[in-house]
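Visitor: Structure in structure tokens, see below.
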8 protein chains.
Amino acid sequence: MILEKNSKLIMIGDSITDTGRVRPVGEGRNALGNGYVNLVNAFLYAFYPELNIRVINMGISGNTSRDLRERWQNDVLDLQPDYVSVMIGVNDVWRQFDLPQIPEYHVYVNEYRDNLEYIIKQTKDKVKQMIIIAPFFIEINHEDRMRALLLEYQQICKELAGKYDLIFVDCQQEFDHVLNYHHSCFLAWDRVHPDTTGHLLIAKAFLNAIGFSWK
Amino acid sequence: MILEKNSKLIMIGDSITDTGRVRPVGEGRNALGNGYVNLVNAFLYAFYPELNIRVINMGISGNTSRDLRERWQNDVLDLQPDYVSVMIGVNDVWRQFDLPQIPEYHVYVNEYRDNLEYIIKQTKDKVKQMIIIAPFFIEINHEDRMRALLLEYQQICKELAGKYDLIFVDCQQEFDHVLNYHHSCFLAWDRVHPDTTGHLLIAKAFLNAIGFSWK
Amino acid sequence: MILEKNSKLIMIGDSITDTGRVRPVGEGRNALGNGYVNLVNAFLYAFYPELNIRVINMGISGNTSRDLRERWQNDVLDLQPDYVSVMIGVNDVWRQFDLPQIPEYHVYVNEYRDNLEYIIKQTKDKVKQMIIIAPFFIEINHEDRMRALLLEYQQICKELAGKYDLIFVDCQQEFDHVLNYHHSCFLAWDRVHPDTTGHLLIAKAFLNAIGFSWK
Amino acid sequence: MILEKNSKLIMIGDSITDTGRVRPVGEGRNALGNGYVNLVNAFLYAFYPELNIRVINMGISGNTSRDLRERWQNDVLDLQPDYVSVMIGVNDVWRQFDLPQIPEYHVYVNEYRDNLEYIIKQTKDKVKQMIIIAPFFIEINHEDRMRALLLEYQQICKELAGKYDLIFVDCQQEFDHVLNYHHSCFLAWDRVHPDTTGHLLIAKAFLNAIGFSWK
Amino acid sequence: MILEKNSKLIMIGDSITDTGRVRPVGEGRNALGNGYVNLVNAFLYAFYPELNIRVINMGISGNTSRDLRERWQNDVLDLQPDYVSVMIGVNDVWRQFDLPQIPEYHVYVNEYRDNLEYIIKQTKDKVKQMIIIAPFFIEINHEDRMRALLLEYQQICKELAGKYDLIFVDCQQEFDHVLNYHHSCFLAWDRVHPDTTGHLLIAKAFLNAIGFSWK
Amino acid sequence: MILEKNSKLIMIGDSITDTGRVRPVGEGRNALGNGYVNLVNAFLYAFYPELNIRVINMGISGNTSRDLRERWQNDVLDLQPDYVSVMIGVNDVWRQFDLPQIPEYHVYVNEYRDNLEYIIKQTKDKVKQMIIIAPFFIEINHEDRMRALLLEYQQICKELAGKYDLIFVDCQQEFDHVLNYHHSCFLAWDRVHPDTTGHLLIAKAFLNAIGFSWK
Amino acid sequence: MILEKNSKLIMIGDSITDTGRVRPVGEGRNALGNGYVNLVNAFLYAFYPELNIRVINMGISGNTSRDLRERWQNDVLDLQPDYVSVMIGVNDVWRQFDLPQIPEYHVYVNEYRDNLEYIIKQTKDKVKQMIIIAPFFIEINHEDRMRALLLEYQQICKELAGKYDLIFVDCQQEFDHVLNYHHSCFLAWDRVHPDTTGHLLIAKAFLNAIGFSWK
Amino acid sequence: MILEKNSKLIMIGDSITDTGRVRPVGEGRNALGNGYVNLVNAFLYAFYPELNIRVINMGISGNTSRDLRERWQNDVLDLQPDYVSVMIGVNDVWRQFDLPQIPEYHVYVNEYRDNLEYIIKQTKDKVKQMIIIAPFFIEINHEDRMRALLLEYQQICKELAGKYDLIFVDCQQEFDHVLNYHHSCFLAWDRVHPDTTGHLLIAKAFLNAIGFSWK
């Protein structure tokens with residue numbers, strides 16, 4: 001179990017992290033949104049109350065890796081976390097498909113790698129551990145163009161996690177397992193924003209990756 | 001051009017037809033919703049003002065063919081239309097995939113054929129013409145299980161239209177054409193509810209099928 | 001694991017069950033509220049998608065055992081569940097302390113036993129299994145008068161579960177464990193309505209009791 | 001067809017253009033309002049998806065040519081469009097009739113010519129093509145004082161389009177055609193803000209003028 | 001002056017009378033709406049406080065003569081007025097022009113005469129005096145088709161008032177006078193619903209007709 | 001008649017003037033509130049449309065003479081009116097009675113004279129005419145302490161109007177006349193804010209004082 | 001002290017009693033409104049917690065003695081109170097002054113006596129004690145017509161309380177004492193609905209009359 | 001009685017003081033919230049109208065002693081009060097229990113003493129009298145950890161009041177008395193925010209401490 005007693009964990013990302021968290025800082029009573037961050041916090045207090053972990057949700061809906069890079073100093077480093085998790089990239093890809101006519105909104109794969117690597121370098125030595133949660137797309141069809149492109153972004157997450165010795169979390173395989181039994185619309189009409197079932201999959205993958213055993 | 005001067009056209013279906021129409025009867029000022037029915041009406045008055053067609057939107061969000069069958073007498077026949085268009089079936093299929101645990105919500109393919117045929121028989125001789133608009137799914141992947149199943153429902157539409165000599169409208173090919181250039185999420189995040197681009201495709205397919213030439 | 005594939009589970013109770021569920025029947029998309037019922041459903045689909053369990057939330061805020069007895073036929077039996085869980089009693093006790101001047105609102109211990117036993121008898125033979133979740137009070141002080149009285153109601157739950165061979169779930173010990181580390185106001189300002197941490201404790205106790213292993 | 005692939009088209013004007021578009025820039029999902037700009041965009045993607053045109057709505061309700069002149073640099077030139085359409089002038093005239101006591105709100109015919117010519121000169125050499133859509137008044141009576149005055153403003157549009165070799169769009173004749181069959185109140189109670197029927201007339205006139213064939 | 005001390009005056013009609021009056025009966029504090037009925041009441045109490053007239057507004061927006069006929073017993077006769085004023089007819093005509101496709105909404109000239117005469121006969125002998133206020137259209141152009149048709153309805157008002165010896169009020173000439181100086185859009189964008197200026201014209205015409213001298 | 005064609009009249013004061021007018025400047029469509037300013041404007045356009053007077057409501061609820069003095073340059077002089085009316089003072093007095101414990105809110109009689117005289121001197125030579133409308137209290141009892149004190153403020157209005165040769169309007173006598181027939185609560189529950197009956201009394205007194213004959 | 005332990009006290013009246021109480025029965029948490037009933041309840045629990053009195057607010061805004069008589073069986077007797085207090089009459093009088101033109105709303109002095117006596121006779125023998133709180137008017141001027149008339153209604157309260165041996169509460173003298181120091185508008189702008197200061201005067205008068213000593 | 005005629009009393013604290021008071025300064029009509037400050041004001045005007053005390057509520061929900069110290073100059077001293085009451089500290093303690101993971105929110109006992117003493121020193125010589133109301137916790141169980149800790153803060157209040165010769169108010173004993181008869185949930189579900197019963201206890205304790213005799 002990597003989390004030390006009384007330590008601080010910041011979880012950052014896009015709308016899948018945000019899930020309605022309180023502004024400007026998502027911490028305290030009813031402040032963590034209703035997604036996987038809230039579940040991780042509930043898990044930690046329900047089953048490890050003695051750890052007294054301070055969980056902070058800094059997700060912002062619509063964010064890409066470019067947005068994270070810009071607000072990293074203010075929204076992560078200035079808060080002096082012990083642990084940081086990042087899940088980013090689905091919007092980097094999605095905008096290429098749902099707003100193809102607006103190139104300013106697209107974050108292509110090379111910029112994505114740069115942004116993520118920049119963030120990692122800024123953070124690595126200032127925290128006890130950093131966790132990279134790869135973005136996912138709730139679609140089982142391997143021919144789908146958005147899934148195929150997102151796969152490249154997932155690979156970058158894995159590659160950079162390996163290069164800098166960070167914890168890597170693969171949610172795609174969790175979703176793919178459920179998709180063997182149910183159509184993607186069961187988990188999310190838009191294939192991006194899951195309901196509690198999907199958030200539980202993320203929370204479980206995250207917790208297991210950092211050394212807790214859930215499920 | 002099949003529409004006679006001063007005649008009455010009822011367009012019925014599910015949420016894709018409804019699009020926020022006024023209750024109980026969707027006719028008059030700002031009453032037709034903001035989808036293809038509204039576009040059909042605008043087309044008829046912009047380019048054929050002399051026809052003075054009375055367009056009525058009777059769509060209800062969430063409806064299946066079972067719901068249409070139940071309210072057919074009240075919501076269609078009692079209004080004595082000259083023409084009736086029906087687009088139904090996507091919810092019959094969708095519920096099998098997004099709510100697999102609730103079988104009461106599923107309308108399987110045989111019941112669908114029964115419902116649609118019942119409706120046709122009730123109506124055929126009481127109107128000047130009936131138009132069957134086949135339901136569609138905004139997904140180009142032929143392996144997708146929901147697309148594959150919906151295809152069977154589309155075939156029933158085509159088959160019954162042929163059997164009873166009704167006008168048949170195929171929207172799926174219109175969407176498939178655009179999907180050659182853009183990912184499904186460009187047209188609809190949930191692959192079911194299109195924006196104005198998609199509604200224009202439906203309106204065009206409908207109008208061309210009934211003898212107008214648009215685009 | 002007691003839950004059979006494609007079976008139906010109704011969970012009923014008071015506001016701790018209700019948690020904002022959809023009316024009249026709490027089932028389907030975003031319909032289960034945001035408490036333990038929602039977590040149980042998420043658990044079942046995240047980790048046992050092949051079971052395809054239909055979870056239904058029938059909780060109503062403010063209910064006592066007297067209310068449950070009245071609506072049992074309509075809200076439980078008529079829906080023909082395979083499994084039923086009941087968590088009721090905190091309002092039976094609470095009203096004796098927060099509204100001492102209104103005796104009509106109080107459900108004393110004998111009536112509670114009658115109501116619960118009546119419900120059990122009505123149901124036992126019509127379902128595959130029934131689960132009694134004892135009500136709880138988030139207070140560690142054994143001298144607290146409300147805790148002391150609630151303990152008697154918990155005992156009745158245990159006793160009747162034993163008598164009729166039902167599954168019994170004890171949440172109080174789960175909460176008491178966390179209360180060793182944190183003050184009651186950490187879990188619930190009013191000591192009755194927990195946040196997600198508390199609901200996770202309930203979900204875990206329930207799932208473990210019916211044969212799943214969580215945490 | 002004048003629109004090149006992947007090019008950017010800004011459409012600017014008053015409330016007839018605005019129609020509830022998103023601020024500060026009307027582009028992207030559900031951002032184009034519900035008027036002719038939205039219809040033009042839908043047409044382009046429904047029937048010419050390969051063009052991938054970026055349509056931007058910069059209309060602001062209540063604007064006169066004086067307002068457009070003031071915000072032209074910020075709201076048009078800084079966005080570097082390939083094509084620009086302008087429909088302005090009805091408020092320049094309307095205020096002279098509905099608020100006769102407030103001369104500051106009136107933009108008389110000479111100032112209108114100056115404003116429009118200034119805008120054209122600023123833009124002409126920076127874009128691939130500029131389109132002038134003349135303002136219109138939905139009234140068939142030639143004696144109406146507002147229609148008579150607006151006619152002078154329409155003439156200035158035509159004259160300047162000719163002088164600078166721009167595309168000119170005449171909507172008045174489209175409306176006049178429909179007014180042969182229906183009273184003005186059928187198209188717009190206030191004779192200024194049309195419903196979808198009227199917006200379709202504008203979209204058609206615009207699209208035909210730039211080389212598409214619609215209807 | 002025709003109004004006797006302590007008598008009751010009911011003013012009935014469509015939206016021009018209604019103007020937001022209180023339901024079900026428009027009498028008492030802040031209950032008369034903000035149109036001519038309110039001005040008549042204010043006039044009577046400001047300048048003839050000793051009369052203590054009970055003014056009641058029974059207008060309902062959208063009403064035609066057909067609607068008035070249906071609710072006449074309940075909404076007028078049952079309230080036992082001493083005086084009744086009626087202004088009805090603009091919707092009888094308007095619907096023929098703004099909803100030409102819905103004939104059920106049209107009240108043609110013969111039915112209008114029947115409805116009005118029926119109302120008059122029902123009332124004449126039960127009240128001290130009845131006042132017919134002819135409907136008006138705020139348009140000076142004599143060629144306008146709606147004005148031309150409404151003129152026929154005005155003539156019926158005048159004719160029946162003469163036949164049954166009722167007081168007749170002509171508002172059209174009041175509006176026409178102002179229209180010599182200002183365009184119709186100054187008084188009402190839709191040429192039907194005036195602002196306070198127009199309501200003052202109606203109130204003045206009414207009061208002068210019943211024997212008060214205002215302005 | 002003192003108002004010249006095409007001239008500008010600013011009416012300023014407290015809540016009795018404000019009556020919900022539009023901010024920042026109360027002029028144009030539906031912008032004048034629903035009190036005497038609106039009635040004056042309606043009178044001028046209904047009966048003297050050829051004058052084309054621009055009426056501006058600059059009242060602000062709660063204002064005292066101290067507030068008016070502060071905003072006089074911005075809210076009156078900068079707008080360059082031809083005529084100005086002022087009705088101020090009831091709050092100067094009222095606060096002494098309803099908030100006796102907050103002396104900062106009280107404007108005593110000497111400051112009131114100073115404020116009013118300052119305003120008059122600033123304005124007198126810059127406008128064609130200035131009108132002082134004395135504040136009023138809707139109470140017939142001469143012993144009432146608030147009425148008695150307000151009388152002194154009314155006297156200052158009269159005295160300064162005489163000294164600077166301004167038009168003086170006395171509303172108190174209008175209200176007192178009605179109060180001979182009806183209790184004060186008929187006109188205003190709080191004896192300060194009249195309904196339309198009272199506003200008609202003010203409008204009439206104002207219009208008669210400036211040379212129009214109304215009623 | 002007249003109130004027996006665990007007894008039930010119903011307080012009924014008009015808006016001064018109602019003060020926003022919960023419907024249909026004003027009892028329990030945050031259900032008593034924010035007036036004198038709430039203060040009486042707070043007094044009883046703050047200073048006599050051992051009595052455990054059940055206080056019920058059954059006031060309805062706008063009620064006259066005629067309304068109370070009609071709903072007395074349902075709203076008082078059916079609830080089987082031990083004690084009942086009634087404060088009614090100000091609307092019986094007020095409507096004669098603020099709505100003089102609507103005689104149906106007026107309850108004249110003889111009917112008031114009948115209504116009150118009827119209520120008393122219905123109740124007297126069914127309760128342990130009945131308390132008559134005379135209505136009041138917050139005006140010190142003895143010449144005021146509404147105060148003068150209300151005095152007659154107060155006398156009837158006193159007279160009937162004496163005749164039937166009920167407890168009588170005189171609030172008018174409480175208000176008159178404060179009015180020696182402050183103008184009526186300090187206590188209530190409309191002289192009818194006091195703020196907490198006035199409600200404290202009522203609560204004190206009531207409590208002292210039934211044998212408690214407050215202040 | 002310590003309060004001099006026409007003097008100013010500021011009452012400051014956290015949510016128990018705030019209770020919805022008006023911003024930025026809580027004084028005047030309906031501005032004091034609905035808690036003990038409002039009751040104190042009502043008491044003073046109901047029973048000592050001749051004193052004309054100006055009561056100001058400057059409480060802010062959520063405040064700790066640290067917050068008070070920061071805003072003391074602006075919110076208390078700059079308003080130049082004659083008397084100041086302070087009730088602060090429950091949030092200093094509560095945050096240690098309900099948000100144990102966020103140490104920045106905790107105000108430990110030494111800082112509390114410093115803050116309170118700082119405030120006292122800043123104020124003591126500038127006012128006629130200062131009153132320290134010790135914070136309270138509505139829980140009778142002496143073993144409760146939050147009650148035990150709050151007791152230390154209460155002791156500091158008492159100690160500093162003694163040291164600087166200020167008036168000290170002990171509310172805890174008032175609540176404890178009622179808790180002998182009723183469970184804490186009767187007075188406040190969260191044991192911190194009382195209803196009117198509790199606020200009356202605070203008001204009474206305060207008023208008695210400053211020399212008034214209430215109850």
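Identifiers for the structure tokens are assigned positionally: chains receive A, B, ... in sequence, residues are indexed from 1 per chain, and ligands are indexed from 1 in the order shown.
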Just list the residues in region 112-158 of chain G DSSP gives strand (DSSP E or B) on the backbone, as a list in words.

Guide: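 Reading the DSSP output for region 112-158 of chain G, strand (DSSP E or B) covers Gln129, Met130, Ile131, Ile132 and Ile133 of chain G.
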
Visitor: Give me a file of those residues, with N, CA, C and O atoms, as a PDB file, in the first residue's frame.

Guide:
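Final file, part-v2.pdb:
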ATOM      1  N   GLN G 129     -59.449  24.432  28.047  1.00  0.00           N
ATOM      2  CA  GLN G 129     -59.534  25.889  28.138  1.00  0.00           C
ATOM      3  C   GLN G 129     -59.465  26.474  26.737  1.00  0.00           C
ATOM      4  O   GLN G 129     -58.818  25.913  25.843  1.00  0.00           O
ATOM      5  N   MET G 130     -60.166  27.602  26.556  1.00  0.00           N
ATOM      6  CA  MET G 130     -60.161  28.295  25.267  1.00  0.00           C
ATOM      7  C   MET G 130     -59.700  29.725  25.529  1.00  0.00           C
ATOM      8  O   MET G 130     -60.084  30.334  26.535  1.00  0.00           O
ATOM      9  N   ILE G 131     -58.878  30.234  24.597  1.00  0.00           N
ATOM     10  CA  ILE G 131     -58.310  31.574  24.781  1.00  0.00           C
ATOM     11  C   ILE G 131     -58.700  32.446  23.594  1.00  0.00           C
ATOM     12  O   ILE G 131     -58.486  32.048  22.440  1.00  0.00           O
ATOM     13  N   ILE G 132     -59.270  33.599  23.865  1.00  0.00           N
ATOM     14  CA  ILE G 132     -59.648  34.546  22.819  1.00  0.00           C
ATOM     15  C   ILE G 132     -58.619  35.680  22.805  1.00  0.00           C
ATOM     16  O   ILE G 132     -58.504  36.433  23.779  1.00  0.00           O
ATOM     17  N   ILE G 133     -57.864  35.760  21.698  1.00  0.00           N
ATOM     18  CA  ILE G 133     -56.918  36.864  21.536  1.00  0.00           C
ATOM     19  C   ILE G 133     -57.587  37.892  20.637  1.00  0.00           C
ATOM     20  O   ILE G 133     -57.883  37.602  19.472  1.00  0.00           O
TER      21      ILE G 133
END

Visitor: Residues of chain E near chain F: apply a cut-off of 10 Å, count only C-alpha atoms, and supply the list as a VMD selection string.

Guide: chain E and resid 29 to 30 34 38 to 52 174 to 175 177 to 182 186 to 188 195 to 202 204 212 to 215

Visitor: Would you mind telling me which residue in G:Thr64, G:Asn208, G:Ser7, G:Ser85 lies nearest to Lys124 (chain G) when using only C-alpha atoms?

Guide: G:Ser85

Visitor: Tell me which protein, DNA and RNA residues are within 9 Å of Leu79 (chain B), counting only C-alpha atoms, leaving out same-chain ones fewer than 5 positions away, and put them as an MDAnalysis selection string.

Guide: chainID B and resid 10 73:74

Visitor: May I have the selected residues written with N, CA and C atoms, as a PDB file, in the first residue's frame?

Guide:
ATOM      1  N   ILE B  10     -49.823  14.181 -40.808  1.00  0.00           N
ATOM      2  CA  ILE B  10     -49.390  13.880 -39.440  1.00  0.00           C
ATOM      3  C   ILE B  10     -48.081  13.104 -39.504  1.00  0.00           C
ATOM      4  N   GLN B  73     -55.274   5.217 -32.373  1.00  0.00           N
ATOM      5  CA  GLN B  73     -56.640   5.691 -32.613  1.00  0.00           C
ATOM      6  C   GLN B  73     -56.777   7.155 -32.184  1.00  0.00           C
ATOM      7  N   ASN B  74     -56.363   7.421 -30.945  1.00  0.00           N
ATOM      8  CA  ASN B  74     -56.479   8.790 -30.405  1.00  0.00           C
ATOM      9  C   ASN B  74     -55.610   9.797 -31.129  1.00  0.00           C
TER      10      ASN B  74
END

Visitor: Any idea what's packed within 12 Å of Glu111 (chain F), counting only C-alpha atoms, ignoring anything in its chain fewer than 3 positions away? Could you give it as a compact mmCIF listing (two decimals) with N, CA and C atoms, in the first residue's frame?

Guide:
# COMPACT_ATOMS: atom_id res chain seq x y z
N THR F 64 -33.10 59.31 -1.33
CA THR F 64 -33.42 60.53 -0.62
C THR F 64 -32.85 61.70 -1.43
N SER F 65 -33.08 62.90 -0.95
CA SER F 65 -32.53 64.08 -1.63
C SER F 65 -31.00 64.02 -1.64
N ARG F 66 -30.42 63.38 -0.64
CA ARG F 66 -28.96 63.25 -0.59
C ARG F 66 -28.45 62.40 -1.76
N ASP F 67 -29.18 61.30 -2.04
CA ASP F 67 -28.79 60.45 -3.17
C ASP F 67 -28.94 61.20 -4.49
N ARG F 69 -28.75 64.36 -5.07
CA ARG F 69 -27.67 65.35 -5.20
C ARG F 69 -26.40 64.70 -5.72
N GLY F 89 -38.21 63.15 -1.24
CA GLY F 89 -38.37 63.60 0.13
C GLY F 89 -39.07 62.62 1.05
N ASP F 92 -36.56 60.72 2.94
CA ASP F 92 -35.87 61.59 3.90
C ASP F 92 -36.62 61.57 5.24
N VAL F 93 -37.94 61.55 5.14
CA VAL F 93 -38.78 61.59 6.34
C VAL F 93 -39.05 60.20 6.91
N HIS F 106 -31.25 59.23 8.04
CA HIS F 106 -32.20 60.34 8.16
C HIS F 106 -31.67 61.57 7.43
N VAL F 107 -32.55 62.20 6.64
CA VAL F 107 -32.20 63.48 6.05
C VAL F 107 -33.12 64.52 6.66
N TYR F 108 -32.57 65.33 7.55
CA TYR F 108 -33.41 66.28 8.28
C TYR F 108 -33.73 67.47 7.40
N ASP F 114 -31.13 72.25 1.62
CA ASP F 114 -29.84 72.42 0.95
C ASP F 114 -29.73 71.55 -0.31
N ASN F 115 -30.07 70.28 -0.14
CA ASN F 115 -29.95 69.37 -1.28
C ASN F 115 -30.82 69.82 -2.45
N LEU F 116 -32.06 70.16 -2.11
CA LEU F 116 -32.99 70.53 -3.17
C LEU F 116 -32.55 71.84 -3.84
N GLU F 117 -32.10 72.78 -3.00
CA GLU F 117 -31.68 74.07 -3.57
C GLU F 117 -30.43 73.89 -4.44
N TYR F 118 -29.52 73.04 -3.99
CA TYR F 118 -28.31 72.76 -4.76
C TYR F 118 -28.68 72.22 -6.15
N TYR F 153 -41.52 69.47 4.64
CA TYR F 153 -40.75 69.23 3.42
C TYR F 153 -41.52 69.72 2.19
N ILE F 156 -41.06 73.38 1.87
CA ILE F 156 -39.76 73.74 1.28
C ILE F 156 -39.83 73.64 -0.23

Visitor: Write down as a PyMOL selection string the residues belonging to region 41-159 of chain F that are assigned alpha helix (DSSP H) by DSSP computed on the backbone.

Guide: chain F and resi 41-47+65-75+90-98+109-123+145-159

Visitor: Need the shell around Asp144 (chain H): protein/DNA/RNA residues with any atom at most 10 Å away, counting only C-alpha atoms. Skip same-chain ones fewer than 2 positions apart. Format as a PyMOL selection string?

Guide: (chain C and resi 139-141+183-184) or (chain H and resi 139-142+146-149)

Visitor: I want to know what sits within 12 Å of Lys126 (chain B), based on only C-alpha atoms, with residues of the same chain fewer than 6 positions away left out; could you give that as a list in words?

Guide: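 Here the qualifying residues turn out to be Gln73, Val76, Leu77, Asp78, Leu79, Gln80, Pro81, Asp82, Tyr83, Val84, Ile119 and Ile120 of chain B.
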